[in-house]
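J.: Data file model_1.tsv (TSV, N, CA and C atoms) is appended below.
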chain	number	residue	atom	x	y	z
E	3	MET	N	-14.10	5.35	23.62
E	3	MET	CA	-12.86	5.48	22.87
E	3	MET	C	-12.31	4.07	22.64
E	4	ARG	N	-11.84	3.86	21.43
E	4	ARG	CA	-11.22	2.59	21.07
E	4	ARG	C	-9.74	2.83	20.79
E	5	GLU	N	-8.92	1.81	21.00
E	5	GLU	CA	-7.47	1.97	20.83
E	5	GLU	C	-6.88	0.76	20.13
E	6	ILE	N	-5.78	1.01	19.42
E	6	ILE	CA	-4.94	-0.06	18.88
E	6	ILE	C	-3.50	0.29	19.21
E	7	GLU	N	-2.67	-0.73	19.27
E	7	GLU	CA	-1.24	-0.52	19.49
E	7	GLU	C	-0.49	-0.71	18.18
E	8	VAL	N	0.57	0.08	18.02
E	8	VAL	CA	1.45	-0.02	16.87
E	8	VAL	C	2.86	-0.22	17.39
E	9	ASN	N	3.55	-1.22	16.87
E	9	ASN	CA	4.92	-1.48	17.28
E	9	ASN	C	5.86	-1.13	16.14
E	10	SER	N	6.72	-0.15	16.36
E	10	SER	CA	7.72	0.20	15.36
E	10	SER	C	8.98	-0.62	15.62
E	11	GLU	N	9.73	-0.84	14.57
E	11	GLU	CA	10.96	-1.63	14.67
E	11	GLU	C	12.20	-0.81	14.34
E	12	GLU	N	11.99	0.41	13.83
E	12	GLU	CA	13.08	1.28	13.40
E	12	GLU	C	13.01	2.59	14.18
E	13	SER	N	14.10	3.36	14.15
E	13	SER	CA	14.07	4.68	14.79
E	13	SER	C	13.11	5.61	14.07
E	14	MET	N	13.06	5.52	12.74
E	14	MET	CA	12.09	6.25	11.93
E	14	MET	C	11.46	5.25	10.98
E	15	GLN	N	10.13	5.21	11.00
E	15	GLN	CA	9.43	4.18	10.23
E	15	GLN	C	8.03	4.64	9.87
E	16	VAL	N	7.60	4.31	8.65
E	16	VAL	CA	6.23	4.58	8.20
E	16	VAL	C	5.45	3.28	8.27
E	17	ILE	N	4.31	3.32	8.95
E	17	ILE	CA	3.47	2.13	9.12
E	17	ILE	C	2.06	2.46	8.67
E	18	ASP	N	1.54	1.70	7.72
E	18	ASP	CA	0.16	1.89	7.25
E	18	ASP	C	-0.79	1.27	8.28
E	19	VAL	N	-1.65	2.10	8.87
E	19	VAL	CA	-2.59	1.62	9.89
E	19	VAL	C	-4.04	1.73	9.41
E	20	THR	N	-4.23	1.98	8.12
E	20	THR	CA	-5.57	2.20	7.58
E	20	THR	C	-6.52	1.07	7.88
E	21	ASP	N	-6.11	-0.15	7.58
E	21	ASP	CA	-7.03	-1.29	7.76
E	21	ASP	C	-7.38	-1.50	9.23
E	22	ARG	N	-6.42	-1.28	10.09
E	22	ARG	CA	-6.70	-1.45	11.53
E	22	ARG	C	-7.67	-0.39	12.03
E	23	VAL	N	-7.51	0.85	11.57
E	23	VAL	CA	-8.45	1.91	11.95
E	23	VAL	C	-9.82	1.64	11.33
E	24	ALA	N	-9.83	1.18	10.07
E	24	ALA	CA	-11.10	0.85	9.41
E	24	ALA	C	-11.86	-0.23	10.18
E	25	ASP	N	-11.14	-1.20	10.72
E	25	ASP	CA	-11.79	-2.24	11.53
E	25	ASP	C	-12.49	-1.65	12.75
E	26	LEU	N	-11.92	-0.59	13.31
E	26	LEU	CA	-12.51	0.04	14.49
E	26	LEU	C	-13.80	0.79	14.17
E	27	VAL	N	-13.95	1.27	12.94
E	27	VAL	CA	-15.17	2.02	12.59
E	27	VAL	C	-16.20	1.16	11.89
E	28	ALA	N	-15.86	-0.08	11.57
E	28	ALA	CA	-16.79	-0.96	10.86
E	28	ALA	C	-18.13	-1.01	11.58
E	29	GLY	N	-19.19	-0.80	10.83
E	29	GLY	CA	-20.53	-0.84	11.39
E	29	GLY	C	-20.99	0.43	12.07
E	30	THR	N	-20.12	1.43	12.14
E	30	THR	CA	-20.47	2.70	12.77
E	30	THR	C	-21.38	3.49	11.83
E	31	ASP	N	-22.31	4.23	12.40
E	31	ASP	CA	-23.17	5.08	11.58
E	31	ASP	C	-22.34	6.17	10.90
E	32	ASP	N	-22.95	6.81	9.91
E	32	ASP	CA	-22.29	7.93	9.25
E	32	ASP	C	-21.87	8.96	10.29
E	33	GLY	N	-20.71	9.55	10.06
E	33	GLY	CA	-20.22	10.55	11.01
E	33	GLY	C	-18.78	10.88	10.75
E	34	LEU	N	-18.07	11.12	11.84
E	34	LEU	CA	-16.66	11.48	11.76
E	34	LEU	C	-15.84	10.56	12.65
E	35	ALA	N	-14.66	10.22	12.17
E	35	ALA	CA	-13.69	9.46	12.96
E	35	ALA	C	-12.58	10.42	13.34
E	36	PHE	N	-12.32	10.53	14.63
E	36	PHE	CA	-11.22	11.35	15.12
E	36	PHE	C	-10.13	10.38	15.55
E	37	VAL	N	-9.04	10.35	14.78
E	37	VAL	CA	-7.93	9.43	15.02
E	37	VAL	C	-6.80	10.25	15.63
E	38	SER	N	-6.27	9.81	16.77
E	38	SER	CA	-5.23	10.60	17.42
E	38	SER	C	-4.20	9.70	18.08
E	39	ILE	N	-3.05	10.30	18.38
E	39	ILE	CA	-1.99	9.60	19.11
E	39	ILE	C	-1.56	10.48	20.28
E	40	PRO	N	-1.32	9.88	21.45
E	40	PRO	CA	-0.90	10.65	22.62
E	40	PRO	C	0.63	10.70	22.74
E	41	HIS	N	1.28	11.01	21.64
E	41	HIS	CA	2.74	10.98	21.61
E	41	HIS	C	3.28	12.27	20.99
E	42	THR	N	4.43	12.71	21.45
E	42	THR	CA	5.04	13.94	20.92
E	42	THR	C	6.26	13.67	20.06
E	43	THR	N	6.52	12.40	19.76
E	43	THR	CA	7.64	12.05	18.88
E	43	THR	C	7.19	11.09	17.78
E	44	ALA	N	5.94	11.24	17.36
E	44	ALA	CA	5.37	10.49	16.25
E	44	ALA	C	4.32	11.38	15.61
E	45	THR	N	3.85	10.99	14.44
E	45	THR	CA	2.84	11.80	13.77
E	45	THR	C	1.94	10.91	12.92
E	46	LEU	N	0.78	11.43	12.56
E	46	LEU	CA	-0.14	10.75	11.65
E	46	LEU	C	-0.18	11.52	10.33
E	47	LEU	N	-0.21	10.78	9.24
E	47	LEU	CA	-0.25	11.38	7.92
E	47	LEU	C	-1.38	10.76	7.11
E	48	LEU	N	-1.97	11.53	6.22
E	48	LEU	CA	-2.93	11.02	5.26
E	48	LEU	C	-2.23	11.14	3.91
E	49	SER	N	-1.91	10.00	3.31
E	49	SER	CA	-1.07	10.00	2.12
E	49	SER	C	-1.27	8.74	1.30
E	50	GLU	N	-0.80	8.77	0.09
E	50	GLU	CA	-0.67	7.55	-0.68
E	50	GLU	C	0.39	6.70	0.02
E	51	ASP	N	0.39	5.40	-0.23
E	51	ASP	CA	1.37	4.54	0.42
E	51	ASP	C	1.92	3.52	-0.55
E	52	ASP	N	3.23	3.50	-0.69
E	52	ASP	CA	3.95	2.42	-1.34
E	52	ASP	C	5.37	2.43	-0.79
E	53	GLU	N	6.11	1.39	-1.05
E	53	GLU	CA	7.45	1.26	-0.47
E	53	GLU	C	8.37	2.42	-0.86
E	54	GLU	N	8.29	2.86	-2.12
E	54	GLU	CA	9.14	3.96	-2.55
E	54	GLU	C	8.79	5.25	-1.83
E	55	LEU	N	7.51	5.51	-1.68
E	55	LEU	CA	7.08	6.73	-0.99
E	55	LEU	C	7.46	6.67	0.48
E	56	ARG	N	7.37	5.51	1.11
E	56	ARG	CA	7.81	5.37	2.50
E	56	ARG	C	9.28	5.75	2.64
E	57	ARG	N	10.11	5.25	1.71
E	57	ARG	CA	11.53	5.60	1.76
E	57	ARG	C	11.73	7.09	1.53
E	58	ASP	N	10.93	7.69	0.63
E	58	ASP	CA	11.03	9.13	0.38
E	58	ASP	C	10.65	9.94	1.62
E	59	ILE	N	9.59	9.52	2.30
E	59	ILE	CA	9.17	10.23	3.52
E	59	ILE	C	10.29	10.17	4.55
E	60	ILE	N	10.86	9.01	4.76
E	60	ILE	CA	11.95	8.87	5.74
E	60	ILE	C	13.15	9.72	5.32
E	61	ARG	N	13.48	9.73	4.05
E	61	ARG	CA	14.60	10.54	3.56
E	61	ARG	C	14.37	12.02	3.86
E	62	VAL	N	13.17	12.51	3.59
E	62	VAL	CA	12.85	13.92	3.88
E	62	VAL	C	12.94	14.18	5.37
E	63	VAL	N	12.35	13.29	6.18
E	63	VAL	CA	12.37	13.46	7.63
E	63	VAL	C	13.80	13.52	8.15
E	64	GLN	N	14.65	12.65	7.65
E	64	GLN	CA	16.03	12.61	8.12
E	64	GLN	C	16.82	13.86	7.74
E	65	ARG	N	16.48	14.48	6.62
E	65	ARG	CA	17.26	15.62	6.12
E	65	ARG	C	16.66	16.98	6.42
E	66	TRP	N	15.37	17.03	6.72
E	66	TRP	CA	14.65	18.30	6.80
E	66	TRP	C	15.28	19.29	7.78
E	67	LEU	N	15.63	18.85	8.95
E	67	LEU	CA	16.16	19.75	9.98
E	67	LEU	C	17.67	19.63	10.15
E	68	LYS	N	18.31	18.95	9.21
E	68	LYS	CA	19.74	18.66	9.31
E	68	LYS	C	20.59	19.90	9.59
E	69	ASP	N	20.31	21.00	8.94
E	69	ASP	CA	21.13	22.21	9.08
E	69	ASP	C	20.52	23.25	10.01
E	70	CYS	N	19.56	22.87	10.83
E	70	CYS	CA	18.86	23.83	11.70
E	70	CYS	C	19.44	23.92	13.11
E	71	GLY	N	20.30	23.01	13.47
E	71	GLY	CA	20.83	23.01	14.84
E	71	GLY	C	21.93	24.03	15.02
E	72	PRO	N	22.45	24.12	16.22
E	72	PRO	CA	22.13	23.26	17.36
E	72	PRO	C	20.81	23.66	18.01
E	73	PHE	N	20.13	22.67	18.55
E	73	PHE	CA	18.83	22.90	19.18
E	73	PHE	C	19.00	23.10	20.67
E	74	GLU	N	18.24	24.03	21.21
E	74	GLU	CA	18.32	24.32	22.65
E	74	GLU	C	17.72	23.21	23.49
E	75	HIS	N	16.71	22.53	22.98
E	75	HIS	CA	16.07	21.43	23.71
E	75	HIS	C	17.09	20.34	24.03
E	76	ILE	N	18.04	20.12	23.13
E	76	ILE	CA	19.09	19.12	23.35
E	76	ILE	C	19.93	19.48	24.57
E	77	LYS	N	20.11	20.76	24.79
E	77	LYS	CA	20.92	21.21	25.93
E	77	LYS	C	20.31	20.78	27.25
E	78	LYS	N	19.02	20.47	27.25
E	78	LYS	CA	18.35	20.00	28.46
E	78	LYS	C	18.39	18.48	28.54
E	79	ASN	N	19.37	17.88	27.85
E	79	ASN	CA	19.57	16.44	27.84
E	79	ASN	C	18.40	15.71	27.17
E	80	ASN	N	17.86	16.29	26.10
E	80	ASN	CA	16.78	15.68	25.34
E	80	ASN	C	17.31	15.34	23.94
E	81	PRO	N	17.72	14.11	23.72
E	81	PRO	CA	18.33	13.75	22.44
E	81	PRO	C	17.34	13.63	21.28
E	82	ASN	N	16.05	13.70	21.55
E	82	ASN	CA	15.05	13.51	20.50
E	82	ASN	C	14.37	14.81	20.06
E	83	THR	N	15.10	15.90	20.10
E	83	THR	CA	14.55	17.19	19.71
E	83	THR	C	13.98	17.16	18.30
E	84	VAL	N	14.71	16.58	17.36
E	84	VAL	CA	14.24	16.53	15.97
E	84	VAL	C	12.89	15.82	15.89
E	85	ALA	N	12.72	14.73	16.61
E	85	ALA	CA	11.44	14.01	16.61
E	85	ALA	C	10.31	14.88	17.14
E	86	HIS	N	10.57	15.65	18.18
E	86	HIS	CA	9.55	16.56	18.72
E	86	HIS	C	9.17	17.63	17.70
E	87	VAL	N	10.15	18.21	17.06
E	87	VAL	CA	9.88	19.28	16.08
E	87	VAL	C	9.11	18.72	14.89
E	88	LEU	N	9.54	17.59	14.35
E	88	LEU	CA	8.86	17.01	13.21
E	88	LEU	C	7.43	16.60	13.54
E	89	SER	N	7.22	16.07	14.73
E	89	SER	CA	5.87	15.69	15.15
E	89	SER	C	4.95	16.90	15.22
E	90	SER	N	5.48	18.02	15.67
E	90	SER	CA	4.64	19.21	15.77
E	90	SER	C	4.23	19.73	14.40
E	91	PHE	N	5.03	19.49	13.38
E	91	PHE	CA	4.66	19.90	12.02
E	91	PHE	C	3.68	18.92	11.39
E	92	GLY	N	3.85	17.63	11.68
E	92	GLY	CA	2.98	16.63	11.09
E	92	GLY	C	1.63	16.55	11.76
E	93	GLY	N	1.61	16.73	13.05
E	93	GLY	CA	0.35	16.67	13.79
E	93	GLY	C	0.09	15.31	14.40
E	94	THR	N	-0.76	15.30	15.39
E	94	THR	CA	-1.05	14.06	16.12
E	94	THR	C	-2.50	13.62	16.00
E	95	SER	N	-3.22	14.16	15.02
E	95	SER	CA	-4.60	13.72	14.83
E	95	SER	C	-5.05	13.93	13.39
E	96	LEU	N	-6.05	13.15	13.03
E	96	LEU	CA	-6.71	13.25	11.73
E	96	LEU	C	-8.22	13.14	11.96
E	97	THR	N	-8.99	13.84	11.18
E	97	THR	CA	-10.44	13.69	11.20
E	97	THR	C	-10.86	13.19	9.83
E	98	ILE	N	-11.57	12.06	9.81
E	98	ILE	CA	-11.94	11.40	8.57
E	98	ILE	C	-13.43	11.08	8.61
E	99	GLY	N	-14.11	11.33	7.53
E	99	GLY	CA	-15.52	10.99	7.44
E	99	GLY	C	-15.76	9.50	7.49
E	100	ILE	N	-16.93	9.13	8.01
E	100	ILE	CA	-17.39	7.74	8.01
E	100	ILE	C	-18.67	7.70	7.19
E	101	SER	N	-18.72	6.82	6.21
E	101	SER	CA	-19.90	6.68	5.36
E	101	SER	C	-20.26	5.20	5.28
E	102	ASN	N	-21.49	4.89	5.69
E	102	ASN	CA	-21.96	3.50	5.68
E	102	ASN	C	-21.01	2.56	6.40
E	103	GLY	N	-20.46	3.01	7.53
E	103	GLY	CA	-19.59	2.17	8.34
E	103	GLY	C	-18.17	2.02	7.82
E	104	ASN	N	-17.81	2.83	6.82
E	104	ASN	CA	-16.47	2.76	6.24
E	104	ASN	C	-15.80	4.13	6.29
E	105	LEU	N	-14.47	4.12	6.40
E	105	LEU	CA	-13.72	5.38	6.31
E	105	LEU	C	-13.93	5.97	4.93
E	106	ASP	N	-14.23	7.25	4.87
E	106	ASP	CA	-14.50	7.93	3.61
E	106	ASP	C	-13.18	8.52	3.09
E	107	LEU	N	-12.35	7.64	2.55
E	107	LEU	CA	-11.03	8.03	2.05
E	107	LEU	C	-11.04	8.08	0.53
E	108	GLY	N	-10.15	8.91	-0.02
E	108	GLY	CA	-9.97	8.96	-1.46
E	108	GLY	C	-9.30	7.69	-1.97
E	109	THR	N	-9.28	7.54	-3.26
E	109	THR	CA	-8.76	6.34	-3.91
E	109	THR	C	-7.38	5.93	-3.40
E	110	TYR	N	-6.49	6.89	-3.25
E	110	TYR	CA	-5.12	6.57	-2.85
E	110	TYR	C	-4.79	6.96	-1.42
E	111	GLN	N	-5.76	7.44	-0.68
E	111	GLN	CA	-5.48	7.90	0.68
E	111	GLN	C	-5.37	6.72	1.65
E	112	ARG	N	-4.31	6.78	2.46
E	112	ARG	CA	-4.06	5.80	3.50
E	112	ARG	C	-3.70	6.55	4.78
E	113	ILE	N	-3.98	5.95	5.92
E	113	ILE	CA	-3.58	6.53	7.20
E	113	ILE	C	-2.22	5.95	7.56
E	114	LEU	N	-1.23	6.83	7.64
E	114	LEU	CA	0.12	6.39	7.93
E	114	LEU	C	0.56	6.89	9.29
E	115	PHE	N	1.14	6.00	10.06
E	115	PHE	CA	1.74	6.35	11.34
E	115	PHE	C	3.23	6.53	11.08
E	116	LEU	N	3.77	7.68	11.45
E	116	LEU	CA	5.19	7.96	11.24
E	116	LEU	C	5.91	7.99	12.58
E	117	GLU	N	6.69	6.95	12.81
E	117	GLU	CA	7.51	6.85	14.01
E	117	GLU	C	8.75	7.71	13.81
E	118	LEU	N	9.05	8.54	14.81
E	118	LEU	CA	10.20	9.44	14.72
E	118	LEU	C	11.22	9.20	15.82
E	119	ASP	N	10.93	8.30	16.76
E	119	ASP	CA	11.81	8.09	17.91
E	119	ASP	C	11.72	6.64	18.41
E	120	GLY	N	11.76	5.71	17.49
E	120	GLY	CA	11.56	4.31	17.85
E	120	GLY	C	12.87	3.58	18.07
E	121	PRO	N	12.73	2.29	18.20
E	121	PRO	CA	11.50	1.52	18.18
E	121	PRO	C	10.71	1.65	19.48
E	122	LYS	N	9.40	1.65	19.34
E	122	LYS	CA	8.52	1.80	20.50
E	122	LYS	C	7.17	1.15	20.23
E	123	THR	N	6.43	0.92	21.30
E	123	THR	CA	5.03	0.54	21.21
E	123	THR	C	4.22	1.82	21.40
E	124	ARG	N	3.34	2.10	20.46
E	124	ARG	CA	2.56	3.34	20.47
E	124	ARG	C	1.07	3.02	20.50
E	125	THR	N	0.29	4.03	20.82
E	125	THR	CA	-1.17	3.89	20.89
E	125	THR	C	-1.82	4.82	19.88
E	126	ILE	N	-2.79	4.28	19.15
E	126	ILE	CA	-3.64	5.08	18.28
E	126	ILE	C	-5.04	5.01	18.87
E	127	ARG	N	-5.63	6.19	19.07
E	127	ARG	CA	-6.97	6.27	19.66
E	127	ARG	C	-7.99	6.69	18.62
E	128	LEU	N	-9.18	6.17	18.76
E	128	LEU	CA	-10.26	6.49	17.84
E	128	LEU	C	-11.50	6.89	18.62
E	129	ARG	N	-12.07	8.00	18.25
E	129	ARG	CA	-13.38	8.41	18.76
E	129	ARG	C	-14.24	8.70	17.53
E	130	THR	N	-15.52	8.38	17.63
E	130	THR	CA	-16.42	8.64	16.52
E	130	THR	C	-17.51	9.60	16.95
E	131	LEU	N	-17.96	10.39	16.01
E	131	LEU	CA	-19.03	11.35	16.23
E	131	LEU	C	-20.10	11.10	15.18
E	132	PRO	N	-21.27	10.61	15.59
E	132	PRO	CA	-22.32	10.34	14.61
E	132	PRO	C	-22.88	11.65	14.02
E	133	MET	N	-23.36	11.57	12.83
E	133	MET	CA	-23.94	12.75	12.16
E	133	MET	C	-25.36	12.46	11.77
Mind turning the file's structure into structure tokens?
T.:
Amino acid sequence: MREIEVNSEESMQVIDVTDRVADLVAGTDDGLAFVSIPHTTATLLLSEDDEELRRDIIRVVQRWLKDCGPFEHIKKNNPNTVAHVLSSFGGTSLTIGISNGNLDLGTYQRILFLELDGPKTRTIRLRTLPM
């Protein structure tokens, strides 16, 4: 298993980690890349990436659960309930094909790390499965 660290600077932040993950699979035989995070207040997304879309993602994240409270998890002195809920919808792993040592992504596809409870130092893990 290979790992990289991601440092967020905001409470909610979109970080493109595609190139860093691609570096981890460079030279790997054809197969599958299993990219995961061991966190319950962050998520991984496969999406197009630009500054406007990053702001749109954050706007949606901030507003999505706005009218859903009060949350019972908060009653247990857990102030990051929204981050936990959003992470469970986004997911904590992606499976991506590897072809000729490269991530087999579409033209506009990027691997985005979505911080929901930062700023924090996070870990992204990579395992590969040859085919």
J.: Would you mind listing what lies within 6.5 Å of E:Ser101 as an MDAnalysis selection string, with only N, CA and C atoms counted and same-chain residues fewer than 5 positions away left out?
T.: chainID E and resid 31:33 106
J.: Tell me, in Å to one decimal, how far atom C of E:Phe91 is from atom CA of E:Ile39.
T.: 13.4 Å
J.: Name the residues of stretch 51-133 of chain E that come out as strand (DSSP E or B) in a backbone DSSP run; write them as JSON, numbers by chain.
T.: {"E": [95, 96, 97, 98, 99, 100, 101, 104, 105, 112, 113, 114, 115, 116, 117, 123, 124, 125, 126, 127, 128, 129, 130, 131, 132]}
J.: Once you count only C-alpha atoms, which residues end up no further than 9 Å from (15.0, -5.5, 16.1) in the file's frame, shown as a PyMOL selection string?
T.: chain E and resi 11-12+121
J.: What's the separation between atom CA of E:Lys68 and atom CA of E:Met14, in Å to one decimal place?
T.: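 Atom-to-atom, atom CA of E:Lys68 and atom CA of E:Met14 are spaced 14.8 Å apart.
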J.: From the set E:Thr20, E:Arg4, E:Pro40, E:Ser10, which residue has the shortest atom-to-atom contact distance to E:Leu105, counting only C-alpha atoms?
T.: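 Under the stated criterion, the closest residue is E:Thr20.
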J.: Just want the 7 Å neighbourhood of stretch 48-64 of chain E, counted on all atoms listed in the file, with same-chain residues fewer than 5 positions away dropped. Output as a tab-separated table (two decimals) with N, CA and C atoms, in the coordinates of the input.
T.:
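Writing the result to selection-v4.tsv gives the following:
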chain	number	residue	atom	x	y	z
E	14	MET	N	13.06	5.52	12.74
E	14	MET	CA	12.09	6.25	11.93
E	14	MET	C	11.46	5.25	10.98
E	15	GLN	N	10.13	5.21	11.00
E	15	GLN	CA	9.43	4.18	10.23
E	15	GLN	C	8.03	4.64	9.87
E	16	VAL	N	7.60	4.31	8.65
E	16	VAL	CA	6.23	4.58	8.20
E	16	VAL	C	5.45	3.28	8.27
E	110	TYR	N	-6.49	6.89	-3.25
E	110	TYR	CA	-5.12	6.57	-2.85
E	110	TYR	C	-4.79	6.96	-1.42
E	111	GLN	N	-5.76	7.44	-0.68
E	111	GLN	CA	-5.48	7.90	0.68
E	111	GLN	C	-5.37	6.72	1.65
E	112	ARG	N	-4.31	6.78	2.46
E	112	ARG	CA	-4.06	5.80	3.50
E	112	ARG	C	-3.70	6.55	4.78
E	113	ILE	N	-3.98	5.95	5.92
E	113	ILE	CA	-3.58	6.53	7.20
E	113	ILE	C	-2.22	5.95	7.56
E	114	LEU	N	-1.23	6.83	7.64
E	114	LEU	CA	0.12	6.39	7.93
E	114	LEU	C	0.56	6.89	9.29
J.: Rounded to one decimal, what separation in Å do you get between atom C of E:Ile126 and atom N of E:Val23?
T.: 8.8 Å
J.: Using all atoms listed in the file, collect all residues at a distance of at most 7 Å from (-16.3, 9.6, 18.8) as written in the file, then present them as an MDAnalysis selection string.
T.: chainID E and resid 3 34:36 128:132
